[in-house]
Amino acid sequence: MSISRKQFDLLVALEKASSPMKQRDLESATGHSLGTINKVLRELVEQDLVKDGVITQSGKDALEPYRAKRAVFIAAGFGSRMVPITLNTPKPLVRVHGKRIIDTLLDACFAAGIQDIYIVRGYLAEQFDQLLYKYPNIHFLENPVYNEANNISSGMVAREMLSNSYVFEADLLLSNPDIITKYHYTSDFLAIPVERTDDWCFEVKDGVIREEKVGGEHCWQMVGISYWNKEDGEKLSKDIPSVYEGPGGKERYWEQVPLVYRKENYKVEVRECKADDIVEIDTFRELKQIDKAYDV
C-alpha cells in the first residue's frame with residue numbers, strides 16, 4: 001500500500017522503538033509538530049497500521065517497499081593519491097586503527113539489516129577475497145576495464161543491482177553507522193551542509209538536488225553514499241549504458257548519470273549528515289594524520 005511521507009516518518013520511528021511511543025516521543029523522533037502527529041496517528045490507527053502506540057504487522061508490511069534490500073560498493077579503482085600504501089593494497093582494504101576502511105561500511109549495512117552485498121572490484125581484485133572470512137555472504141562483481149574508464153564502468157557492471165539499493169564509494173571511513181538507515185521514502189544522497197567547499201557539492205532547492213558541481217558557497221558537500229528506490233534503480237539500469245556508450249561516456253562518474261546527464265528522469269533528495277559522521281581519506285598524508293602508525 002502507498003503511504004504518505006508523514007505516515008512513513010511515524011511508522012519508521014515506531015518500527016525502531018522497542019516499546020510503545022507517546023506523542024512527545026514521536027515529536028522528538030520525527031521533527032513533526034504535535035498537531036501533525038495527532039492527525040497522522042489517527043490515520044495510521046484507522047488503517048490498522050498502528051495500535052496502542054505500537055506498529056502492527058500491517059504497518060511493517062506497509063514499510064516493506066521502502067526498505068533497503070541491497071548495497072553496491074564501488075571498489076575497483078587504484079587510489080593513486082594514497083601511494084605508497086595502495087601499491088600493494090586496494091584503498092578500501094587499507095587499515096585505519098587496525099580496521100579495514102570498507103569494514104566500517106559493511107558492518108553498518110549488516111546492522112541495518114542489509115544482507116545482499118555486492119562489491120565491484122578491479123585493481124588487485126583477488127585481495128578482496130579476504131573479506132569472505134568475516135563476510136561470507138558478500139558477492140563480487142568484476143570490472144575488467146577499471147583502468148581504462150572512470151567509475152561509470154563500475155556502474156555498468158552493477159547496473160542491474162541498483163533498485164532498493166545503497167551505492168557506496170568503498171573508501172569512506174564511517175564513524176556513525178546510524179546514518180545507514182533501514183528505510184528510505186525516496187532516492188537520496190548523503191551530504192553535509194557547508195558555507196564553502198572546493199570539493200564536489202550540490203545545489204539544493206526544497207530538499208531536492210538541482211545541480212552537482214565542484215566548489216560552491218552555501219551548498220551541500222557531497223558524500224559518496226546514495227540510495228536508489230525501485231523505480232530509479234530500474235531507470236539507472238537503462239540510463240547508465242546510454243551515457244556510457246555516448247560521446248565521452250567512459251570519462252564520466254556514475255552518479256553524473258542521474259544528477260547531470262539524465263537528471264530530467266530523477267528527483268533525488270539530499271539527506272543531511274555531519275562532518276564527523278564520515279571521513280574520506282584522500283591522500284597518504286591524511287592517512288598519516290588520522291593513524292599515527294603510518295607516520296614512520
# chains A, B, ... in the order shown; residues from 1 in each chain; ligands from 1
call {"tool": "residues_around", "arguments": {"residues": "region 186-198 of chain A", "least_positions_apart": "3", "cutoff": "8 Å", "atoms": "only C-alpha atoms", "output": "compact mmCIF listing (two decimals) with C-alpha atoms, in the first residue's frame"}}
result
# COMPACT_ATOMS: atom_id res chain seq x y z
CA TYR A 66 10.74 1.38 1.24
CA CYS A 201 28.86 19.60 -3.90
CA VAL A 214 32.86 21.28 -7.98
CA GLY A 215 33.13 24.04 -5.40
CA GLY A 216 30.50 26.42 -4.11
CA GLU A 217 29.14 28.52 -1.27
CA HIS A 218 26.12 27.82 0.92
CA CYS A 219 25.81 24.38 -0.62
CA TRP A 220 25.90 20.71 0.34
CA GLN A 221 29.21 18.87 0.22
CA MET A 222 28.73 15.51 -1.41
CA VAL A 223 29.33 12.29 0.50
CA GLY A 224 29.78 9.20 -1.64
CA ILE A 225 26.78 7.33 -0.23
CA SER A 226 23.44 7.27 -2.01
CA TYR A 227 20.21 5.26 -2.02
CA TRP A 228 18.06 4.43 -5.06
CA ASN A 229 14.46 3.27 -4.85
CA ASP A 232 15.00 4.94 -10.05
CA LYS A 267 14.16 13.61 -8.33
CA VAL A 268 16.93 12.88 -5.85
CA GLU A 269 16.67 14.29 -2.35
CA VAL A 270 19.57 15.36 -0.15
CA ARG A 271 19.90 13.64 3.22
CA GLU A 272 21.87 15.51 5.83
CA CYS A 273 24.82 14.12 7.74
CA LYS A 274 27.54 15.73 9.83
CA ALA A 275 31.20 16.25 9.01
call {"tool": "residues_around", "arguments": {"residues": "Ser165 (chain A)", "least_positions_apart": "3", "cutoff": "9 Å", "atoms": "only C-alpha atoms", "output": "ChimeraX atom specification"}}
result
/A:67-72,161-162,226-230,233
call {"tool": "residues_around", "arguments": {"residues": "Ile102 (chain A)", "least_positions_apart": "3", "cutoff": "9 Å", "atoms": "only C-alpha atoms", "output": "PyMOL selection string"}}
result
chain A and resi 73+91-95+99+105-107+170-174
call {"tool": "atom_distance", "arguments": {"atom1": "CA of Thr30 (chain A)", "atom2": "CA of Asp9 (chain A)"}}
result
6.2 Å
call {"tool": "residues_around", "arguments": {"residues": "Lys213 (chain A)", "least_positions_apart": "5", "cutoff": "8 Å", "atoms": "only C-alpha atoms", "output": "ChimeraX atom specification"}}
result
/A:200-203
call {"tool": "select_by_dssp", "arguments": {"residues": "region 4-224 of chain A", "states": "helix (DSSP H, G or I)", "output": "number ranges by chain"}}
result
A: 5-16, 23-30, 34-46, 57-66, 80-82, 85-87, 91-93, 101-111, 125-133, 152-161, 177-179
call {"tool": "select_by_dssp", "arguments": {"residues": "region 53-278 of chain A", "states": "strand (DSSP E)", "output": "JSON, numbers by chain"}}
result
{"A": [54, 55, 70, 71, 72, 73, 74, 75, 95, 96, 99, 100, 116, 117, 118, 119, 120, 121, 139, 140, 141, 142, 165, 166, 167, 168, 169, 172, 173, 174, 188, 189, 190, 191, 192, 193, 194, 195, 196, 197, 198, 199, 200, 201, 202, 203, 204, 205, 208, 209, 210, 211, 212, 213, 214, 215, 216, 217, 218, 219, 220, 221, 222, 223, 224, 225, 226, 227, 228, 269, 270, 271, 272, 278]}
call {"tool": "write_last_selection", "arguments": {"atoms": "C-alpha atoms", "output": "PDB file, in the first residue's frame"}}
result
ATOM      1  CA  VAL A  54       2.964   0.206  18.501  1.00  0.00           C
ATOM      2  CA  ILE A  55       3.404  -0.551  14.812  1.00  0.00           C
ATOM      3  CA  ARG A  70      20.959  -4.442  -1.037  1.00  0.00           C
ATOM      4  CA  ALA A  71      24.192  -2.473  -1.205  1.00  0.00           C
ATOM      5  CA  VAL A  72      26.685  -1.985  -4.026  1.00  0.00           C
ATOM      6  CA  PHE A  73      30.260  -0.954  -3.298  1.00  0.00           C
ATOM      7  CA  ILE A  74      32.337   0.826  -5.941  1.00  0.00           C
ATOM      8  CA  ALA A  75      35.804  -0.542  -5.141  1.00  0.00           C
ATOM      9  CA  ARG A  95      43.507  -0.465   7.760  1.00  0.00           C
ATOM     10  CA  VAL A  96      42.877   2.570   9.955  1.00  0.00           C
ATOM     11  CA  LYS A  99      40.250  -1.922  10.931  1.00  0.00           C
ATOM     12  CA  ARG A 100      39.788  -2.036   7.167  1.00  0.00           C
ATOM     13  CA  ASP A 116      22.551  -8.610  -0.163  1.00  0.00           C
ATOM     14  CA  ILE A 117      26.008  -7.086  -0.696  1.00  0.00           C
ATOM     15  CA  TYR A 118      27.884  -6.620  -3.996  1.00  0.00           C
ATOM     16  CA  ILE A 119      31.447  -5.330  -4.303  1.00  0.00           C
ATOM     17  CA  VAL A 120      32.646  -4.161  -7.712  1.00  0.00           C
ATOM     18  CA  ARG A 121      36.370  -4.841  -7.797  1.00  0.00           C
ATOM     19  CA  HIS A 139      29.271 -11.205  -3.774  1.00  0.00           C
ATOM     20  CA  PHE A 140      31.953  -9.859  -6.102  1.00  0.00           C
ATOM     21  CA  LEU A 141      31.388  -8.209  -9.471  1.00  0.00           C
ATOM     22  CA  GLU A 142      34.411  -7.882 -11.753  1.00  0.00           C
ATOM     23  CA  SER A 165      19.922  -0.288  -3.125  1.00  0.00           C
ATOM     24  CA  TYR A 166      22.599   1.756  -1.440  1.00  0.00           C
ATOM     25  CA  VAL A 167      25.632   2.671  -3.543  1.00  0.00           C
ATOM     26  CA  PHE A 168      28.849   3.291  -1.615  1.00  0.00           C
ATOM     27  CA  GLU A 169      32.223   4.626  -2.558  1.00  0.00           C
ATOM     28  CA  LEU A 172      34.872   6.068   3.130  1.00  0.00           C
ATOM     29  CA  LEU A 173      35.696   5.713   6.814  1.00  0.00           C
ATOM     30  CA  LEU A 174      32.392   5.628   8.666  1.00  0.00           C
ATOM     31  CA  ASP A 188      18.643  10.305  -1.766  1.00  0.00           C
ATOM     32  CA  PHE A 189      22.280  11.342  -1.489  1.00  0.00           C
ATOM     33  CA  LEU A 190      24.088  11.963   1.773  1.00  0.00           C
ATOM     34  CA  ALA A 191      25.651  15.415   2.027  1.00  0.00           C
ATOM     35  CA  ILE A 192      26.968  17.902   4.567  1.00  0.00           C
ATOM     36  CA  PRO A 193      25.672  21.494   4.615  1.00  0.00           C
ATOM     37  CA  VAL A 194      28.676  23.843   4.339  1.00  0.00           C
ATOM     38  CA  GLU A 195      29.351  27.547   3.991  1.00  0.00           C
ATOM     39  CA  ARG A 196      32.008  26.901   1.366  1.00  0.00           C
ATOM     40  CA  THR A 197      33.806  23.979  -0.251  1.00  0.00           C
ATOM     41  CA  ASP A 198      36.263  23.270  -3.059  1.00  0.00           C
ATOM     42  CA  ASP A 199      35.019  19.692  -3.263  1.00  0.00           C
ATOM     43  CA  TRP A 200      32.113  18.110  -5.137  1.00  0.00           C
ATOM     44  CA  CYS A 201      28.859  19.598  -3.904  1.00  0.00           C
ATOM     45  CA  PHE A 202      25.150  20.026  -4.600  1.00  0.00           C
ATOM     46  CA  GLU A 203      22.891  22.967  -5.150  1.00  0.00           C
ATOM     47  CA  VAL A 204      19.625  22.067  -3.416  1.00  0.00           C
ATOM     48  CA  LYS A 205      16.126  23.517  -3.587  1.00  0.00           C
ATOM     49  CA  VAL A 208      15.927  18.154  -3.947  1.00  0.00           C
ATOM     50  CA  ILE A 209      19.316  18.157  -5.688  1.00  0.00           C
ATOM     51  CA  ARG A 210      19.239  20.605  -8.591  1.00  0.00           C
ATOM     52  CA  GLU A 211      22.903  20.644  -9.625  1.00  0.00           C
ATOM     53  CA  GLU A 212      26.145  18.758  -8.985  1.00  0.00           C
ATOM     54  CA  LYS A 213      29.324  20.806  -9.292  1.00  0.00           C
ATOM     55  CA  VAL A 214      32.859  21.276  -7.980  1.00  0.00           C
ATOM     56  CA  GLY A 215      33.127  24.043  -5.400  1.00  0.00           C
ATOM     57  CA  GLY A 216      30.497  26.418  -4.110  1.00  0.00           C
ATOM     58  CA  GLU A 217      29.145  28.524  -1.275  1.00  0.00           C
ATOM     59  CA  HIS A 218      26.120  27.817   0.923  1.00  0.00           C
ATOM     60  CA  CYS A 219      25.812  24.376  -0.623  1.00  0.00           C
ATOM     61  CA  TRP A 220      25.895  20.707   0.338  1.00  0.00           C
ATOM     62  CA  GLN A 221      29.214  18.866   0.217  1.00  0.00           C
ATOM     63  CA  MET A 222      28.731  15.506  -1.414  1.00  0.00           C
ATOM     64  CA  VAL A 223      29.327  12.286   0.495  1.00  0.00           C
ATOM     65  CA  GLY A 224      29.783   9.198  -1.637  1.00  0.00           C
ATOM     66  CA  ILE A 225      26.781   7.330  -0.234  1.00  0.00           C
ATOM     67  CA  SER A 226      23.440   7.269  -2.007  1.00  0.00           C
ATOM     68  CA  TYR A 227      20.211   5.261  -2.019  1.00  0.00           C
ATOM     69  CA  TRP A 228      18.058   4.426  -5.057  1.00  0.00           C
ATOM     70  CA  GLU A 269      16.667  14.290  -2.347  1.00  0.00           C
ATOM     71  CA  VAL A 270      19.566  15.365  -0.154  1.00  0.00           C
ATOM     72  CA  ARG A 271      19.898  13.643   3.218  1.00  0.00           C
ATOM     73  CA  GLU A 272      21.873  15.509   5.833  1.00  0.00           C
ATOM     74  CA  ILE A 278      32.222  10.015   7.869  1.00  0.00           C
TER      75      ILE A 278
END
call {"tool": "residues_around", "arguments": {"residues": "Thr89 (chain A)", "least_positions_apart": "6", "cutoff": "12 Å", "atoms": "only C-alpha atoms", "output": "PyMOL selection string"}}
result
chain A and resi 75-80+82-83+95+100-101+122-128+130
call {"tool": "closest_residue", "arguments": {"among": "A:Asn150, A:Asn38, A:Asn88, A:Ser4", "to": "Gly248 (chain A)", "atoms": "only C-alpha atoms"}}
result
A:Asn150
